[in-house]
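Structure first, then comments.
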Amino acid sequence: MELPTVVSEEEWQRSQKALLEKEKQATRARDALAAERRRQPMVEISGDYEFEGPEGVVKLGDLFGGRSQLLLYHFWHPPGGAPCGGCSMFTDQISPLAHLRARDTSFALVSTAPQEQIQALKDRMGWEVPWYTVVGDAFQTERGTTEYFKLDVYLRDGDRVFLTYSTQGRGVEALGSVWTFLDLTPFGRQEEWEDTPPGRPQTPPYTWWRLRDEYETR
């Protein structure tokens with residue numbers, strides 16, 4: 001295995017300084033993207049889409065919980081099927097929602113799985129995040145998530161609901177700390193698509209993702 005080159009502390013400091021400057025440039029670029037995102041237009045969608053929760057059927061507008069903003073994650077979990085490994089890893093990384101709610105923002109998951117199935121997984125994983133069952137297929141068809149995961153961002157103005165932002169695929173990775181932490185290590189995510197020095201561990205992407213209680217303990 002080709003490990004990183006061993007150098008003196010002085011050489012390491014020079015290399016570290018050069019890398020940090022590039023990271024600062026990337027941070028400023030992300031700030032600029034966030035500023036542009038805040039200025040994007042929005043589109044109105046129906047607030048009448050229905051979802052079933054632990055206390056019965058509610059509408060899209062109700063998922064805001066009285067707040068102005070809503071982050072809605074489409075968790076791929078079909079009725080009678082296994083939950084998406086990536087969606088499960090993402091959900092493990094959701095921090096206490098009090099921090100979002102303090103900024104007038106709600107968060108929820110939606111899936112096609114029935115509430116009984118969802119609750120069983122929540123109990124198994126110890127998740128407390130609000131998680132609803134999509135009623136019918138109109139909402140997921142409109143949002144293009146029938147067989148895929150996605151994150152939508154909504155804004156509520158009175159009874160009107162607007163879609164302001166949406167991302168999927170690797171766009172969701174930035175929201176999870178596991179991928180960010182691994183990107184800081186010499187071995188990275190250890191997936192074949194990465195540009196990694198020869199001999200370091202790599203496996204096909206996504207195949208190593210598990211529910212956290214399914215990993216072999218070390």
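In the structure tokens, each chain is lettered A, B, ... as it comes, each chain's residues begin at 1, and ligands are numbered from 1 in order of appearance.
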Check range 16-177 of chain A with DSSP on the backbone and list each residue it calls strand (DSSP E), as a PyMOL selection string.
chain A and resi 43-45+50-53+56-59+69-74+105-111+131-134+150-157+160-167
Which residues of range 84-184 of chain A have any atom within 12 Å of an atom in range 57-62 of chain A when counting only C-alpha atoms, and what is the closest pair of atoms for each, with the distance in Å to one decimal? Order the rows by chain and rising number and write it as CSV.
```
residue,atom,partner,partner_atom,distance
A:Ser106,CA,A:Asp62,CA,10.5
A:Phe107,CA,A:Asp62,CA,11.8
A:Ala108,CA,A:Leu60,CA,10.7
A:Leu109,CA,A:Leu60,CA,11.8
A:Val110,CA,A:Leu60,CA,10.6
A:Gln115,CA,A:Val57,CA,11.0
A:Pro130,CA,A:Asp62,CA,11.8
A:Trp131,CA,A:Val58,CA,11.9
A:Tyr132,CA,A:Val57,CA,9.1
A:Thr133,CA,A:Val57,CA,9.0
A:Val134,CA,A:Val57,CA,9.6
A:Val135,CA,A:Val57,CA,8.4
A:Gly136,CA,A:Val57,CA,11.9
A:Phe139,CA,A:Leu60,CA,9.6
A:Tyr154,CA,A:Gly61,CA,9.6
A:Leu155,CA,A:Gly61,CA,9.7
A:Arg156,CA,A:Gly61,CA,7.5
A:Asp157,CA,A:Gly61,CA,9.9
A:Gly158,CA,A:Gly61,CA,9.3
A:Asp159,CA,A:Gly61,CA,7.1
A:Arg160,CA,A:Gly61,CA,7.9
A:Val161,CA,A:Gly61,CA,6.8
A:Phe162,CA,A:Gly61,CA,10.1
A:Leu163,CA,A:Leu60,CA,11.6
```
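With only C-alpha atoms as the atoms that count, the residue of A:Val129, A:Ile94, A:Leu72, A:Ala113 with the shortest distance to Val178 in chain A is A:Ile94.
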Nearest candidate to Phe75 in chain A (options A:Thr180, A:Thr185, A:Ser111, A:Ser15; using only C-alpha atoms):
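Nearest candidate to Phe75 in chain A out of A:Thr180, A:Thr185, A:Ser111, A:Ser15: A:Ser111.
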Kindly indicate which residue among A:Leu97, A:Ser88, A:Glu36, A:Thr105 lies nearest to Gly65 in chain A, using only C-alpha atoms for the distances.
A:Thr105
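Going from CA of Ala102 in chain A over to CA of Glu128 in chain A, you cover 17.4 Å.
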Excluding Gly80 in chain A and its own-chain neighbours fewer than 5 positions away, which residues fall within 10 Å of it when counting only C-alpha atoms? Please give them as a list in words.
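Returned residues: Thr112, Ala113, Pro114 and Gln117 of chain A.
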Give me the residues within 10 Å of Thr145 in chain A as a VMD selection string, counting only C-alpha atoms and dropping any in the same chain fewer than 4 places off.
chain A and resid 74 to 76 111 137 139 to 141 149 to 151 168
Save out the residues we just selected, N, CA, C and O atoms, as a short mmCIF file (atom, residue, chain, number, x, y, z; two decimals), in the first residue's frame.
```cif
data_model
loop_
_atom_site.label_atom_id
_atom_site.label_comp_id
_atom_site.auth_asym_id
_atom_site.auth_seq_id
_atom_site.Cartn_x
_atom_site.Cartn_y
_atom_site.Cartn_z
N HIS A 74 -36.84 12.95 0.79
CA HIS A 74 -37.54 11.80 0.24
C HIS A 74 -36.70 10.54 0.50
O HIS A 74 -35.70 10.29 -0.17
N PHE A 75 -37.08 9.78 1.50
CA PHE A 75 -36.37 8.58 1.95
C PHE A 75 -36.90 7.39 1.17
O PHE A 75 -38.07 7.05 1.25
N TRP A 76 -36.02 6.73 0.39
CA TRP A 76 -36.45 5.60 -0.42
C TRP A 76 -36.66 4.38 0.48
O TRP A 76 -35.73 3.71 0.91
N SER A 111 -41.86 8.87 2.84
CA SER A 111 -41.62 7.60 2.14
C SER A 111 -42.95 7.02 1.70
O SER A 111 -44.02 7.47 2.14
N ASP A 137 -49.82 8.64 -5.24
CA ASP A 137 -48.53 8.76 -5.93
C ASP A 137 -48.34 10.10 -6.63
O ASP A 137 -47.32 10.34 -7.27
N PHE A 139 -47.77 13.18 -5.45
CA PHE A 139 -46.69 14.02 -4.95
C PHE A 139 -45.33 13.54 -5.43
O PHE A 139 -44.53 14.31 -5.95
N GLN A 140 -45.08 12.24 -5.28
CA GLN A 140 -43.77 11.72 -5.69
C GLN A 140 -43.62 11.75 -7.20
O GLN A 140 -42.51 11.93 -7.71
N THR A 141 -44.70 11.58 -7.92
CA THR A 141 -44.62 11.68 -9.38
C THR A 141 -44.23 13.09 -9.79
O THR A 141 -43.35 13.29 -10.65
N PHE A 149 -34.03 9.08 -4.03
CA PHE A 149 -34.01 9.98 -2.88
C PHE A 149 -33.74 11.40 -3.35
O PHE A 149 -33.14 11.63 -4.41
N LYS A 150 -34.18 12.34 -2.57
CA LYS A 150 -34.04 13.75 -2.95
C LYS A 150 -34.30 14.60 -1.72
O LYS A 150 -35.00 14.20 -0.79
N LEU A 151 -33.73 15.80 -1.72
CA LEU A 151 -34.02 16.78 -0.68
C LEU A 151 -34.67 17.99 -1.32
O LEU A 151 -34.13 18.56 -2.27
N GLN A 168 -30.31 16.16 -5.38
CA GLN A 168 -30.34 14.71 -5.25
C GLN A 168 -28.96 14.15 -5.57
O GLN A 168 -28.02 14.90 -5.83
#
```
I need the alpha helix (DSSP H) residues of range 42-201 of chain A per DSSP on the backbone, written as a VMD selection string.
chain A and resid 85 to 92 98 to 101 115 to 125 138 to 143 177 to 183
Residue neighbourhood Thr207 in chain A, 12 Å, only C-alpha atoms, exclusion window fewer than 6 positions, as a ChimeraX atom specification:
/A:84-86,189-192
Writing out the chosen residues with N, CA and C atoms as a PDB file, in the first residue's frame:
```
ATOM      1  N   CYS A  84     -33.434   2.186   2.052  1.00  0.00           N
ATOM      2  CA  CYS A  84     -32.222   2.581   1.340  1.00  0.00           C
ATOM      3  C   CYS A  84     -31.069   2.750   2.333  1.00  0.00           C
ATOM      4  N   GLY A  85     -29.923   2.100   2.026  1.00  0.00           N
ATOM      5  CA  GLY A  85     -28.782   2.196   2.924  1.00  0.00           C
ATOM      6  C   GLY A  85     -28.244   3.608   3.035  1.00  0.00           C
ATOM      7  N   GLY A  86     -28.170   4.329   1.897  1.00  0.00           N
ATOM      8  CA  GLY A  86     -27.687   5.694   1.931  1.00  0.00           C
ATOM      9  C   GLY A  86     -28.626   6.621   2.678  1.00  0.00           C
ATOM     10  N   ARG A 189     -12.975   7.865   1.169  1.00  0.00           N
ATOM     11  CA  ARG A 189     -14.181   7.030   1.312  1.00  0.00           C
ATOM     12  C   ARG A 189     -13.910   5.582   0.928  1.00  0.00           C
ATOM     13  N   GLN A 190     -12.744   5.348   0.356  1.00  0.00           N
ATOM     14  CA  GLN A 190     -12.318   4.008  -0.038  1.00  0.00           C
ATOM     15  C   GLN A 190     -13.245   3.414  -1.101  1.00  0.00           C
ATOM     16  N   GLU A 191     -13.684   4.272  -2.026  1.00  0.00           N
ATOM     17  CA  GLU A 191     -14.542   3.840  -3.126  1.00  0.00           C
ATOM     18  C   GLU A 191     -13.805   3.998  -4.448  1.00  0.00           C
ATOM     19  N   GLU A 192     -14.118   3.151  -5.404  1.00  0.00           N
ATOM     20  CA  GLU A 192     -13.332   3.028  -6.628  1.00  0.00           C
ATOM     21  C   GLU A 192     -13.321   4.287  -7.494  1.00  0.00           C
TER      22      GLU A 192
END
```
From A:Ala29, A:Gly169, A:Glu10, A:Gly47, residue lying nearest Tyr148 in chain A [only C-alpha atoms]
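Looking only at the distances to Tyr148 in chain A, the closest residue turns out to be A:Gly169.
In this model, the gap between CA of Arg37 in chain A and CA of Thr91 in chain A comes to 23.8 Å.
CA of Gly171 in chain A sits 14.8 Å away from CA of Met89 in chain A.
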